[in-house]
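What follows is one structure encoded as structure tokens, with my remarks underneath.
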Amino acid sequence: MKAIRGATTVAQDSAEEIKKCVKELLLEIKQRNSLVDEQIICIMFSNTSDLHSYYPAKAAREAGFISCALYSSLEPEIDGALNNCIRVMLLTETDDTPKHVYLNGAVNLRRDITKKLNIAIDGPAGSGKSSISKILAKKFGILYLDTGAMYRACALACVLGGIDCANGELVDKLLSGTEISVKYEEGKQKTLLNNVDVSDNIRTPEISMLASTVSAHECVRKKMVDLQRKIACENSCVLDGRDIGTNVLPSAEYKFFLTASPEVRALRRANENKDKGYVQNFDEVLKEIILRDEQDKTRKIAPLIKAADAIEVDTGDMSIDDVVNYIMMKIQGKI
């Protein structure tokens with residue numbers, strides 16, 4: 001069972017206005033969530049104390065919502081609260097991610113839902129960017145864009161084409177005839193190389209190191225950044241990488257820079273690789289982490305650096321849940 005929330009405001013306290021706005025709100029919730037009547041178990045309304053002309057539950061009944069339980073309540077008076085507001089919660093039999101709906105003046109109650117939301121997560125390898133970003137995207141009900149996967153796909157294209165990733169001229173020529181794209185299936189990102197899903201192929205330690213090399217080329221970064229900006233312009237999403245807040249989306253409202261000591265990050269990466277079937281000893285992974293840091297920080301094009309307005313989070317002694325809760329608290333505080 002899933003709960004779907006919503007709210008709207010009415011222009012005036014009249015029966016006709018309440019009927020109109022309640023019907024509009026419920027139909028919009030039903031459409032956005034692809035609901036059929038049989039999936040709606042109960043609809044519960046509350047309205048601010050300045051609305052007296054008509055019960056929202058009765059308006060719902062007249063709007064055709066007759067196969068579920070309906071309930072209305074009056075909210076207590078709260079100083080500074082939104083006026084002429086009707087809130088609703090639908091209890092539904094669905095496994096899909098709820099799409100909450102806020103209309104008219106009520107859009108200001110949930111600006112994280114009613115306006116495009118872009119969250120930039122930057123940091124070095126092993127700082128927890130991908131894990132944190134995926135959870136944040138799920139909690140906010142928005143897309144997760146793994147920008148690192150795009151550069152890994154570029155590296156894989158070079159390997160398959162027999163091209164040296166350090167040779168910018170050859171890489172540029174190869175990528176001019178190469179299509180790299182992303183698609184989403186059941187909320188998960190798939191990375192495509194010439195329309196072939198390479199999401200698993202790009203996760204080897206070899207490709208990880210080569211991605212750092214190939215991403216230093218201006219031709220590569222321009223092509224990938226253009227794609228990343230296009231996706232972020234069209235969708236609310238969480239983007240993680242090394243230059244999201246400084247280069248890809250410098251105007252993003254929410255920016256975070258995750259970090260941890262090289263030793264902590266190396267241990268995490270070694271455990272991740274082990275789970276994927278790539279066994280490496282700790283010293284080897286630590287050496288790669290330090291080398292990757294140096295490459296990312298010293299490259300001429302969009303180096304790894306904390307944006308001046310980003311919030312730094314040392315994840316070394318924090319659990320994933322601790323980091324997620326901290327970031328969500330900071331975001332909600334600004335919303």
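By convention here, the chains of the structure tokens are called A, B, ... in the order presented, each chain's residues are numbered starting at 1, and ligands are numbered starting at 1 in the order presented.
With only C-alpha atoms taken into account, the protein and nucleic acid residues at most 7 Å from Leu239 (chain A) (excluding it and anything under 3 positions from it in its own chain) are Ile119, Ala120, Ile121, Tyr144, Leu145, Asp146, Thr147 and Ile244 of chain A.
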DSSP on the backbone: what in region 99-282 of chain A comes out helix (DSSP H, G or I), as a VMD selection string?
-> chain A and resid 104 to 109 111 to 114 129 to 140 147 to 160 168 to 176 201 to 203 205 to 214 218 to 234 244 to 248 262 to 275 282
d(CA of Gly316 (chain A), CA of Lys330 (chain A)) in Å = 18.9 Å
From the list A:Gly161, A:Gly168, A:Pro76, A:Gly128, the nearest residue to Asp240 (chain A) using only C-alpha atoms is A:Gly128
Run DSSP on the backbone and grab whatever in region 95-193 of chain A lands in strand (DSSP E or B); send it over as a count of residues only.
-> 23
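For the choices A:Arg32, A:Arg152, A:Lys2, A:Lys116, the atom-to-atom distance to Glu253 (chain A) is smallest for A:Lys116 when using only C-alpha atoms.
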Surrounding residues of Val279 (chain A) excluding itself and chain neighbours under 4 positions, 8 Å, only C-alpha atoms, as a ChimeraX atom specification | /A:270,273-274
Could you pull the residues within 9 Å of Ser199 (chain A), counting only C-alpha atoms, minus those fewer than 6 positions along the same chain, as number ranges by chain?
-> A: 149, 153, 189-192
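Distances from A:Gly187, A:Gly141, A:Pro250, A:Gly162 to Ser236 (chain A) were compared using only C-alpha atoms, and the smallest one belongs to A:Gly141.
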Could you give me, as a tab-separated table, every region 156-249 of chain A residue with an atom at most 9 Å from region 291-315 of chain A, plus its closest atom pair and distance in Å to one decimal, counting only C-alpha atoms, rows ordered by chain then number?
```
residue	atom	partner	partner_atom	distance
A:Met209	CA	A:Arg292	CA	7.0
A:Ser212	CA	A:Asp296	CA	6.8
A:Thr213	CA	A:Gln295	CA	7.5
A:Ser215	CA	A:Ile301	CA	8.7
A:Ala216	CA	A:Arg299	CA	5.9
A:His217	CA	A:Ile301	CA	7.2
A:Glu218	CA	A:Ile301	CA	6.3
A:Arg221	CA	A:Ile301	CA	7.9
A:Gly241	CA	A:Leu304	CA	8.8
A:Arg242	CA	A:Leu304	CA	5.1
A:Asp243	CA	A:Leu304	CA	5.9
A:Ile244	CA	A:Ala307	CA	8.9
A:Gly245	CA	A:Ala307	CA	5.7
A:Thr246	CA	A:Ala307	CA	5.3
A:Asn247	CA	A:Ala302	CA	6.5
```
Keeping only all heavy atoms, take the residues you just selected and write them out as a CSV table (one decimal), in the first residue's frame.
```csv
chain,number,residue,atom,x,y,z
A,209,MET,N,40.2,3.3,-14.1
A,209,MET,CA,41.4,4.1,-14.2
A,209,MET,C,41.5,4.8,-15.6
A,209,MET,O,41.9,5.9,-15.7
A,209,MET,CB,42.7,3.2,-14.0
A,209,MET,CG,42.8,2.7,-12.6
A,209,MET,SD,43.0,4.1,-11.4
A,209,MET,CE,44.5,4.9,-12.0
A,212,SER,N,39.5,8.0,-15.9
A,212,SER,CA,40.2,9.2,-15.4
A,212,SER,C,41.1,9.8,-16.5
A,212,SER,O,41.1,11.0,-16.6
A,212,SER,CB,41.0,8.9,-14.2
A,212,SER,OG,41.7,10.0,-13.7
A,213,THR,N,41.7,9.0,-17.3
A,213,THR,CA,42.6,9.4,-18.3
A,213,THR,C,41.8,10.1,-19.5
A,213,THR,O,42.1,11.2,-19.9
A,213,THR,CB,43.5,8.3,-18.9
A,213,THR,OG1,44.2,7.7,-17.8
A,213,THR,CG2,44.4,8.7,-20.0
A,215,SER,N,38.8,11.3,-19.5
A,215,SER,CA,38.0,12.4,-19.1
A,215,SER,C,38.8,13.7,-19.0
A,215,SER,O,38.2,14.8,-18.9
A,215,SER,CB,37.3,12.2,-17.7
A,215,SER,OG,38.3,12.1,-16.7
A,216,ALA,N,40.1,13.6,-19.1
A,216,ALA,CA,41.0,14.8,-19.1
A,216,ALA,C,41.0,15.6,-20.4
A,216,ALA,O,41.4,16.7,-20.5
A,216,ALA,CB,42.4,14.4,-18.7
A,217,HIS,N,40.5,14.9,-21.5
A,217,HIS,CA,40.5,15.5,-22.8
A,217,HIS,C,39.3,16.5,-22.9
A,217,HIS,O,38.2,16.1,-22.6
A,217,HIS,CB,40.4,14.5,-23.9
A,217,HIS,CG,41.6,13.5,-23.9
A,217,HIS,ND1,42.9,14.0,-23.9
A,217,HIS,CD2,41.6,12.2,-23.9
A,217,HIS,CE1,43.7,12.9,-23.9
A,217,HIS,NE2,42.9,11.8,-23.9
A,218,GLU,N,39.5,17.7,-23.5
A,218,GLU,CA,38.5,18.7,-23.6
A,218,GLU,C,37.4,18.2,-24.5
A,218,GLU,O,36.2,18.4,-24.3
A,218,GLU,CB,39.1,20.0,-24.2
A,218,GLU,CG,38.1,21.1,-24.3
A,218,GLU,CD,38.7,22.4,-24.7
A,218,GLU,OE1,39.9,22.4,-25.1
A,218,GLU,OE2,38.0,23.4,-24.8
A,221,ARG,N,35.1,15.9,-22.4
A,221,ARG,CA,34.3,16.6,-21.4
A,221,ARG,C,33.2,17.4,-22.0
A,221,ARG,O,32.1,17.5,-21.5
A,221,ARG,CB,35.2,17.5,-20.5
A,221,ARG,CG,36.3,16.7,-19.8
A,221,ARG,CD,36.7,17.3,-18.5
A,221,ARG,NE,35.6,17.2,-17.5
A,221,ARG,CZ,35.4,16.2,-16.7
A,221,ARG,NH1,36.2,15.1,-16.8
A,221,ARG,NH2,34.4,16.2,-15.8
A,241,GLY,N,29.7,13.4,-9.5
A,241,GLY,CA,30.9,13.4,-10.4
A,241,GLY,C,32.0,14.1,-9.7
A,241,GLY,O,32.1,14.1,-8.4
A,242,ARG,N,32.8,14.8,-10.4
A,242,ARG,CA,33.9,15.5,-9.9
A,242,ARG,C,33.9,17.0,-10.2
A,242,ARG,O,34.6,17.8,-9.6
A,242,ARG,CB,35.3,14.9,-10.3
A,242,ARG,CG,35.5,13.6,-9.7
A,242,ARG,CD,36.6,12.8,-10.4
A,242,ARG,NE,36.9,11.5,-9.7
A,242,ARG,CZ,36.2,10.5,-9.7
A,242,ARG,NH1,35.0,10.4,-10.3
A,242,ARG,NH2,36.5,9.4,-9.0
A,243,ASP,N,33.0,17.4,-11.1
A,243,ASP,CA,33.0,18.8,-11.5
A,243,ASP,C,31.5,19.3,-11.7
A,243,ASP,O,31.3,20.2,-12.5
A,243,ASP,CB,33.8,19.1,-12.8
A,243,ASP,CG,33.2,18.3,-14.0
A,243,ASP,OD1,32.5,17.3,-13.8
A,243,ASP,OD2,33.4,18.8,-15.1
A,244,ILE,N,30.6,18.6,-11.0
A,244,ILE,CA,29.2,19.0,-11.3
A,244,ILE,C,28.9,20.4,-10.8
A,244,ILE,O,28.3,21.2,-11.5
A,244,ILE,CB,28.2,18.0,-10.5
A,244,ILE,CG1,28.6,16.5,-10.9
A,244,ILE,CG2,26.8,18.3,-10.9
A,244,ILE,CD1,28.4,16.2,-12.4
A,245,GLY,N,29.3,20.7,-9.5
A,245,GLY,CA,29.0,22.0,-8.9
A,245,GLY,C,29.9,23.1,-9.5
A,245,GLY,O,29.5,24.3,-9.4
A,246,THR,N,31.0,22.8,-10.1
A,246,THR,CA,31.9,23.8,-10.6
A,246,THR,C,31.8,24.0,-12.1
A,246,THR,O,32.0,25.1,-12.5
A,246,THR,CB,33.4,23.5,-10.3
A,246,THR,OG1,33.7,22.2,-10.8
A,246,THR,CG2,33.6,23.4,-8.8
A,247,ASN,N,31.4,23.0,-12.8
A,247,ASN,CA,31.4,23.1,-14.3
A,247,ASN,C,30.1,22.7,-14.9
A,247,ASN,O,29.6,23.4,-15.8
A,247,ASN,CB,32.6,22.2,-14.8
A,247,ASN,CG,32.7,22.3,-16.3
A,247,ASN,OD1,32.7,23.3,-16.9
A,247,ASN,ND2,32.8,21.1,-16.9
```
What is the distance, in Å and to one decimal place, between CA of Asn118 (chain A) and CA of Leu25 (chain A)?
-> 25.8 Å
If you measure from CA of Val22 (chain A) to CA of Ala63 (chain A), what distance in Å do you get, rounded to one decimal?
-> 8.1 Å
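Of the residues listed (A:Val323, A:Leu286, A:Ile132, A:Cys154), A:Cys154 shows the shortest atom-to-atom separation from Lys223 (chain A); distances use only C-alpha atoms.
Residue nearest Ser72 (chain A), chosen from A:Arg229, A:Arg110, A:Lys222, A:Lys58 and counting only C-alpha atoms: A:Lys58.
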